[in-house]
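Below is one structure, written out as structure tokens; the observations come after it.
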Amino acid sequence: MFAIDLTEKVAVITGGTRGIGLGAAKALASAGATCVMTHRWGSADQEAIRAEFLEIGAPEPMLEMADVSRTEDTQALMERIKEHHDGVDIFISNVAFAAKTPELSDYRKRSFFKSLEYSTWPLVDYVEVINQTFGRYPGHVVAISSDGMDRSYPGYDFVAASKSVLEVFARYMGSHLAESGTRVNVLRFGMVATQSFEAMFGDELWEFLEEEGIAKEELLSTDECGQAVLALCSGLLDAMQSEVVTVDRAMAFEDNLMRRYSRWRVGRPKDE
């Protein structure tokens, strides 16, 4: 109903070349923000991404290779940004390391630490390096989380654990940065149809959802996730400091025992 103008704002999105990160970058760029999108070696089709931004009339993005678990990569990235800009206004911590743990025997300390290293610690590391490089914190810091700590997804144990710690850090970070004028929030998304999602759960999940009467289109799209990021970072979606905002397509309401019972009853012969 009104235009959101983020012209001259700089947004850094980790894991910004795929999935939710790309959806967030495109939404912010559509409002005029210059997006810096990190990726690991060989994980980004740069020509295709630039074409997408050109098609929506957005500023050309900076596509930067950087491993979020390496502070030296983060520092080098900020120095490259500093060559063109005087600060970072929005930071989206999006990367997650998805170690499958289908059985309890699959728990490994090293895998858990690696999950924390990629899915949790970059929230802290990036914010601190941004301040060290530019002398100020971003105006908006958003941690991308999931509902995996409240709902059970097979094999999702380490991701859910690392996202739980991410949310705790984000809450406490908000109290530390309130005086700096930085708004810290968490966006907790329900099931999103991404490449990572499909790699984690495979075709069997789609078969199950179809049997449950849930179409793939009912899951959140990456573009919808991006719109939520834009709404939060522009003030269109108001949130208190350190608040965790859950975004879903009413899936939690649909996916409960009594709703399943209702569908079961519909499929039964009338005389039973």
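Letters A, B, ... go to the chains of the structure tokens in the order shown; residues in each chain start at 1; ligands are counted from 1 in the same order.
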
DSSP-assigned strand (DSSP E) among stretch 21-180 of chain A, expressed as a list in words: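 Taking stretch 21-180 of chain A and keeping strand (DSSP E) gives Thr34, Cys35, Val36, Met37, Thr38, His39, Met62, Leu63, Glu64, Met65, Ile90, Phe91, Ile92, Ser93, His140, Val141, Val142, Ala143, Ile144, Ser145 and Ser146 of chain A.
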
Given only C-alpha atoms, how would the per-residue table for stretch 124-152 of chain A near stretch 165-181 of chain A read, listing every residue at most 12 Å away with its closest atom pair and distance in Å to one decimal, sorted by chain and number, as JSON lines?
```
{"residue": "A:Val124", "atom": "CA", "partner": "A:Phe169", "partner_atom": "CA", "distance": 7.8}
{"residue": "A:Asp125", "atom": "CA", "partner": "A:Phe169", "partner_atom": "CA", "distance": 11.5}
{"residue": "A:Val127", "atom": "CA", "partner": "A:Met173", "partner_atom": "CA", "distance": 9.7}
{"residue": "A:Glu128", "atom": "CA", "partner": "A:Met173", "partner_atom": "CA", "distance": 10.9}
{"residue": "A:Asn131", "atom": "CA", "partner": "A:Ser180", "partner_atom": "CA", "distance": 10.8}
{"residue": "A:Gly135", "atom": "CA", "partner": "A:Ser180", "partner_atom": "CA", "distance": 11.2}
{"residue": "A:Arg136", "atom": "CA", "partner": "A:Ser180", "partner_atom": "CA", "distance": 8.1}
{"residue": "A:Tyr137", "atom": "CA", "partner": "A:Ser180", "partner_atom": "CA", "distance": 7.2}
{"residue": "A:Pro138", "atom": "CA", "partner": "A:Gly181", "partner_atom": "CA", "distance": 8.7}
{"residue": "A:Gly139", "atom": "CA", "partner": "A:Gly181", "partner_atom": "CA", "distance": 6.5}
{"residue": "A:His140", "atom": "CA", "partner": "A:Gly181", "partner_atom": "CA", "distance": 8.8}
{"residue": "A:Val141", "atom": "CA", "partner": "A:Ala170", "partner_atom": "CA", "distance": 8.6}
{"residue": "A:Val142", "atom": "CA", "partner": "A:Ala170", "partner_atom": "CA", "distance": 8.2}
{"residue": "A:Ala143", "atom": "CA", "partner": "A:Ala170", "partner_atom": "CA", "distance": 7.0}
{"residue": "A:Ile144", "atom": "CA", "partner": "A:Leu166", "partner_atom": "CA", "distance": 8.7}
{"residue": "A:Ser145", "atom": "CA", "partner": "A:Glu167", "partner_atom": "CA", "distance": 7.3}
{"residue": "A:Ser146", "atom": "CA", "partner": "A:Glu167", "partner_atom": "CA", "distance": 9.8}
{"residue": "A:Asp147", "atom": "CA", "partner": "A:Glu167", "partner_atom": "CA", "distance": 11.0}
{"residue": "A:Met149", "atom": "CA", "partner": "A:Val165", "partner_atom": "CA", "distance": 10.2}
```

Save out the residues we just selected, N, CA and C atoms, as a JSON list (two decimals), in the first residue's frame.
```
[["chain", "number", "residue", "atom", "x", "y", "z"],
["A", 124, "VAL", "N", 27.18, -13.79, 15.68],
["A", 124, "VAL", "CA", 28.02, -12.98, 16.56],
["A", 124, "VAL", "C", 29.23, -12.44, 15.79],
["A", 125, "ASP", "N", 29.88, -13.31, 15.06],
["A", 125, "ASP", "CA", 31.13, -12.95, 14.39],
["A", 125, "ASP", "C", 30.93, -11.83, 13.37],
["A", 127, "VAL", "N", 28.48, -9.59, 13.15],
["A", 127, "VAL", "CA", 28.09, -8.32, 13.77],
["A", 127, "VAL", "C", 29.30, -7.62, 14.38],
["A", 128, "GLU", "N", 30.16, -8.38, 15.02],
["A", 128, "GLU", "CA", 31.35, -7.78, 15.63],
["A", 128, "GLU", "C", 32.32, -7.27, 14.57],
["A", 131, "ASN", "N", 31.16, -4.03, 13.04],
["A", 131, "ASN", "CA", 31.43, -2.89, 13.92],
["A", 131, "ASN", "C", 32.90, -2.52, 13.92],
["A", 135, "GLY", "N", 32.95, 0.93, 12.39],
["A", 135, "GLY", "CA", 32.75, 1.77, 13.56],
["A", 135, "GLY", "C", 31.30, 1.90, 13.98],
["A", 136, "ARG", "N", 30.45, 1.05, 13.46],
["A", 136, "ARG", "CA", 29.04, 1.05, 13.86],
["A", 136, "ARG", "C", 28.41, -0.30, 13.54],
["A", 137, "TYR", "N", 27.37, -0.61, 14.31],
["A", 137, "TYR", "CA", 26.65, -1.85, 14.08],
["A", 137, "TYR", "C", 25.56, -1.64, 13.03],
["A", 138, "PRO", "N", 25.09, -2.72, 12.40],
["A", 138, "PRO", "CA", 23.97, -2.57, 11.46],
["A", 138, "PRO", "C", 22.72, -2.08, 12.19],
["A", 139, "GLY", "N", 21.84, -1.41, 11.45],
["A", 139, "GLY", "CA", 20.58, -0.97, 12.04],
["A", 139, "GLY", "C", 19.64, -2.12, 12.30],
["A", 140, "HIS", "N", 19.70, -3.14, 11.43],
["A", 140, "HIS", "CA", 18.86, -4.33, 11.58],
["A", 140, "HIS", "C", 19.73, -5.58, 11.51],
["A", 141, "VAL", "N", 19.54, -6.47, 12.46],
["A", 141, "VAL", "CA", 20.18, -7.78, 12.46],
["A", 141, "VAL", "C", 19.07, -8.81, 12.54],
["A", 142, "VAL", "N", 19.03, -9.72, 11.58],
["A", 142, "VAL", "CA", 17.99, -10.74, 11.55],
["A", 142, "VAL", "C", 18.63, -12.12, 11.47],
["A", 143, "ALA", "N", 18.28, -12.97, 12.42],
["A", 143, "ALA", "CA", 18.74, -14.36, 12.42],
["A", 143, "ALA", "C", 17.64, -15.24, 11.83],
["A", 144, "ILE", "N", 17.97, -16.01, 10.82],
["A", 144, "ILE", "CA", 17.00, -16.90, 10.19],
["A", 144, "ILE", "C", 17.00, -18.25, 10.92],
["A", 145, "SER", "N", 15.85, -18.61, 11.47],
["A", 145, "SER", "CA", 15.73, -19.84, 12.23],
["A", 145, "SER", "C", 14.63, -20.71, 11.64],
["A", 146, "SER", "N", 14.30, -21.80, 12.32],
["A", 146, "SER", "CA", 13.24, -22.69, 11.87],
["A", 146, "SER", "C", 12.44, -23.16, 13.08],
["A", 147, "ASP", "N", 11.35, -23.86, 12.82],
["A", 147, "ASP", "CA", 10.54, -24.36, 13.93],
["A", 147, "ASP", "C", 10.95, -25.77, 14.33],
["A", 149, "MET", "N", 12.97, -26.79, 16.54],
["A", 149, "MET", "CA", 13.13, -27.06, 17.97],
["A", 149, "MET", "C", 11.79, -27.31, 18.65]]
```

Selection near stretch 49-56 of chain A, 10 Å with only C-alpha atoms, sequence-local residues under 6 positions removed, as a count of residues only: 10

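Comparing the minimum interatomic distances between A:Ala160 and each of A:Ala250, A:Val229, A:Ala99, A:Val245, counting only C-alpha atoms, we find that A:Ala99 sits nearest.
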
Counting only C-alpha atoms, what is within 8 Å of A:Gly32, bar same-chain residues fewer than 6 positions away, as a PyMOL selection string? chain A and resi 5-9+58-59

Atoms kept (N, CA and C atoms) for selection, written as a PDB file, in the first residue's frame:
```pdb
ATOM      1  N   ASP A   5      11.403   2.133   0.614  1.00  0.00           N
ATOM      2  CA  ASP A   5      12.593   2.656  -0.048  1.00  0.00           C
ATOM      3  C   ASP A   5      13.834   2.364   0.799  1.00  0.00           C
ATOM      4  N   LEU A   6      14.668   1.458   0.331  1.00  0.00           N
ATOM      5  CA  LEU A   6      15.923   1.127   1.007  1.00  0.00           C
ATOM      6  C   LEU A   6      17.129   1.568   0.174  1.00  0.00           C
ATOM      7  N   THR A   7      16.891   2.544  -0.699  1.00  0.00           N
ATOM      8  CA  THR A   7      17.980   3.076  -1.527  1.00  0.00           C
ATOM      9  C   THR A   7      19.124   3.560  -0.647  1.00  0.00           C
ATOM     10  N   GLU A   8      20.332   3.259  -1.059  1.00  0.00           N
ATOM     11  CA  GLU A   8      21.569   3.601  -0.361  1.00  0.00           C
ATOM     12  C   GLU A   8      21.819   2.763   0.886  1.00  0.00           C
ATOM     13  N   LYS A   9      20.934   1.818   1.167  1.00  0.00           N
ATOM     14  CA  LYS A   9      21.179   0.888   2.262  1.00  0.00           C
ATOM     15  C   LYS A   9      21.995  -0.302   1.739  1.00  0.00           C
ATOM     16  N   ALA A  58      16.661  -4.194  -9.885  1.00  0.00           N
ATOM     17  CA  ALA A  58      17.342  -3.995  -8.606  1.00  0.00           C
ATOM     18  C   ALA A  58      18.804  -3.635  -8.822  1.00  0.00           C
ATOM     19  N   PRO A  59      19.428  -2.993  -7.832  1.00  0.00           N
ATOM     20  CA  PRO A  59      20.867  -2.705  -7.950  1.00  0.00           C
ATOM     21  C   PRO A  59      21.663  -3.997  -8.120  1.00  0.00           C
TER      22      PRO A  59
END
```

Test item: residues at most 6 Å from stretch 34-38 of chain A, only C-alpha atoms, excluding those fewer than 4 positions along its chain, as number ranges by chain: A: 10-16, 59, 61-66

Write the residues you've just listed into a file as a PDB file, in the first residue's frame, and include C-alpha atoms for each of them.
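Written file, out.pdb:
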```pdb
ATOM      1  CA  VAL A  10      23.679  -2.003   2.226  1.00  0.00           C
ATOM      2  CA  ALA A  11      22.515  -5.475   3.207  1.00  0.00           C
ATOM      3  CA  VAL A  12      24.769  -8.468   3.843  1.00  0.00           C
ATOM      4  CA  ILE A  13      23.119 -11.875   3.511  1.00  0.00           C
ATOM      5  CA  THR A  14      25.124 -14.983   4.330  1.00  0.00           C
ATOM      6  CA  GLY A  15      24.252 -17.894   2.086  1.00  0.00           C
ATOM      7  CA  GLY A  16      22.506 -15.321  -0.067  1.00  0.00           C
ATOM      8  CA  PRO A  59      20.867  -2.705  -7.950  1.00  0.00           C
ATOM      9  CA  PRO A  61      24.517  -7.348  -6.178  1.00  0.00           C
ATOM     10  CA  MET A  62      27.970  -8.110  -4.833  1.00  0.00           C
ATOM     11  CA  LEU A  63      28.447 -11.885  -4.965  1.00  0.00           C
ATOM     12  CA  GLU A  64      31.278 -12.766  -2.647  1.00  0.00           C
ATOM     13  CA  MET A  65      32.880 -16.091  -1.831  1.00  0.00           C
ATOM     14  CA  ALA A  66      33.338 -16.350   1.938  1.00  0.00           C
TER      15      ALA A  66
END
```

Give me, as a PyMOL selection string, all polymer residues having an atom no more than 10 Å from A:Phe201, counting only C-alpha atoms and skipping those fewer than 3 positions away in the same chain. chain A and resi 100+153-156+196-198+204-206

For each of A:Glu47, A:Asn185, A:Phe158, A:Leu236, take the minimum atom-to-atom distance to A:Leu104, counting only C-alpha atoms, then give the residue where this is smallest. A:Phe158

Let me make sure I understand: among A:Thr120, A:Thr246, A:Ser234, A:Thr101, which one has the smallest atom-to-atom distance to A:Ala3 if we use only C-alpha atoms? A:Ser234

Quick check for you: according to DSSP on this backbone, which residues of stretch 17-212 of chain A are classed as alpha helix (DSSP H)? Reply as a VMD selection string. chain A and resid 19 to 30 46 to 55 71 to 82 109 to 119 121 to 134 157 to 177 195 to 211

I need the residues from that last selection saved to file as a short mmCIF file (atom, residue, chain, number, x, y, z; two decimals), in the first residue's frame (with C-alpha atoms), if you can.
```
data_model
loop_
_atom_site.label_atom_id
_atom_site.label_comp_id
_atom_site.auth_asym_id
_atom_site.auth_seq_id
_atom_site.Cartn_x
_atom_site.Cartn_y
_atom_site.Cartn_z
CA GLY A 19 17.03 -20.61 -1.00
CA ILE A 20 15.83 -18.30 1.76
CA GLY A 21 18.96 -16.17 1.47
CA LEU A 22 18.33 -15.47 -2.20
CA GLY A 23 14.67 -14.77 -1.50
CA ALA A 24 15.68 -12.24 1.16
CA ALA A 25 18.29 -10.60 -1.08
CA LYS A 26 15.84 -10.20 -3.97
CA ALA A 27 13.19 -8.69 -1.69
CA LEU A 28 15.62 -6.19 -0.14
CA ALA A 29 17.10 -5.33 -3.54
CA SER A 30 13.63 -4.76 -5.01
CA GLN A 46 26.46 -15.84 -10.65
CA GLU A 47 25.23 -15.06 -14.16
CA ALA A 48 21.74 -16.37 -13.41
CA ILE A 49 21.56 -14.41 -10.15
CA ARG A 50 22.65 -11.17 -11.79
CA ALA A 51 20.03 -11.73 -14.50
CA GLU A 52 17.33 -12.13 -11.83
CA PHE A 53 18.32 -8.83 -10.21
CA LEU A 54 18.42 -7.09 -13.58
CA GLU A 55 14.95 -8.40 -14.41
CA THR A 71 36.71 -15.00 10.78
CA GLU A 72 39.51 -14.16 8.35
CA ASP A 73 37.07 -14.62 5.44
CA THR A 74 34.58 -12.35 7.19
CA GLN A 75 37.22 -9.68 7.78
CA ALA A 76 38.37 -9.84 4.15
CA LEU A 77 34.76 -9.56 3.00
CA MET A 78 34.18 -6.41 5.05
CA GLU A 79 37.34 -4.84 3.65
CA ARG A 80 36.02 -5.48 0.12
CA ILE A 81 32.69 -3.89 1.04
CA LYS A 82 34.53 -0.92 2.54
CA LYS A 109 30.60 -34.13 18.82
CA ARG A 110 32.53 -32.88 15.80
CA SER A 111 29.35 -32.67 13.68
CA PHE A 112 27.55 -30.78 16.44
CA PHE A 113 30.40 -28.28 16.82
CA LYS A 114 30.51 -27.85 13.05
CA SER A 115 26.78 -27.14 13.05
CA LEU A 116 27.27 -24.45 15.71
CA GLU A 117 30.24 -23.07 13.78
CA TYR A 118 28.15 -22.53 10.63
CA SER A 119 24.60 -22.10 11.90
CA TRP A 121 28.42 -18.37 15.60
CA PRO A 122 28.36 -16.26 12.38
CA LEU A 123 25.56 -14.19 13.92
CA VAL A 124 28.02 -12.98 16.56
CA ASP A 125 31.13 -12.95 14.39
CA TYR A 126 29.66 -10.94 11.52
CA VAL A 127 28.09 -8.32 13.77
CA GLU A 128 31.35 -7.78 15.63
CA VAL A 129 33.48 -7.62 12.47
CA ILE A 130 31.03 -5.16 10.89
CA ASN A 131 31.43 -2.89 13.92
CA GLN A 132 35.21 -3.25 13.93
CA THR A 133 35.41 -2.40 10.22
CA PHE A 134 32.94 0.49 9.99
CA ASP A 157 18.50 -32.88 15.45
CA PHE A 158 21.72 -30.87 15.05
CA VAL A 159 20.13 -28.16 12.92
CA ALA A 160 17.38 -27.71 15.51
CA ALA A 161 19.93 -27.58 18.34
CA SER A 162 22.15 -25.03 16.60
CA LYS A 163 19.15 -22.86 15.70
CA SER A 164 18.03 -22.98 19.34
CA VAL A 165 21.37 -21.54 20.41
CA LEU A 166 21.13 -19.01 17.57
CA GLU A 167 17.81 -17.75 18.96
CA VAL A 168 19.23 -17.45 22.47
CA PHE A 169 22.20 -15.44 21.20
CA ALA A 170 19.91 -13.19 19.17
CA ARG A 171 17.76 -12.47 22.22
CA TYR A 172 20.73 -11.56 24.37
CA MET A 173 22.41 -9.66 21.54
CA GLY A 174 19.35 -7.42 21.37
CA SER A 175 19.85 -6.35 24.98
CA HIS A 176 23.53 -5.61 24.36
CA LEU A 177 22.90 -3.57 21.19
CA GLN A 195 17.15 -27.36 -2.20
CA SER A 196 18.49 -27.93 1.30
CA PHE A 197 15.06 -29.06 2.48
CA GLU A 198 14.82 -31.58 -0.33
CA ALA A 199 18.36 -32.80 0.30
CA MET A 200 17.57 -33.31 3.98
CA PHE A 201 14.21 -35.08 3.67
CA GLY A 202 14.06 -36.41 0.09
CA ASP A 203 11.12 -37.56 -2.02
CA GLU A 204 9.55 -39.63 0.74
CA LEU A 205 8.42 -36.48 2.54
CA TRP A 206 6.57 -35.24 -0.53
CA GLU A 207 4.82 -38.58 -0.78
CA PHE A 208 3.83 -38.38 2.88
CA LEU A 209 2.54 -34.81 2.56
CA GLU A 210 0.51 -35.77 -0.48
CA GLU A 211 -1.08 -38.62 1.44
#
```

Could you tell me how far atom CA of A:Ala96 lies from atom CA of A:Val68, in Å and to one decimal?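 Pair atom CA of A:Ala96 / atom CA of A:Val68 returns 9.9 Å.
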
Distance of atom CA of A:Phe97 from atom CA of A:Trp41, expressed in Å to one decimal place: 15.3 Å

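Pairwise distance (atom CA of A:Ala33, atom CA of A:Arg70) equals 25.9 Å.
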
Given only C-alpha atoms as the counted atoms, nearest of A:Pro102, A:Leu230, A:Met251, A:Leu237 to A:Lys216: A:Met251
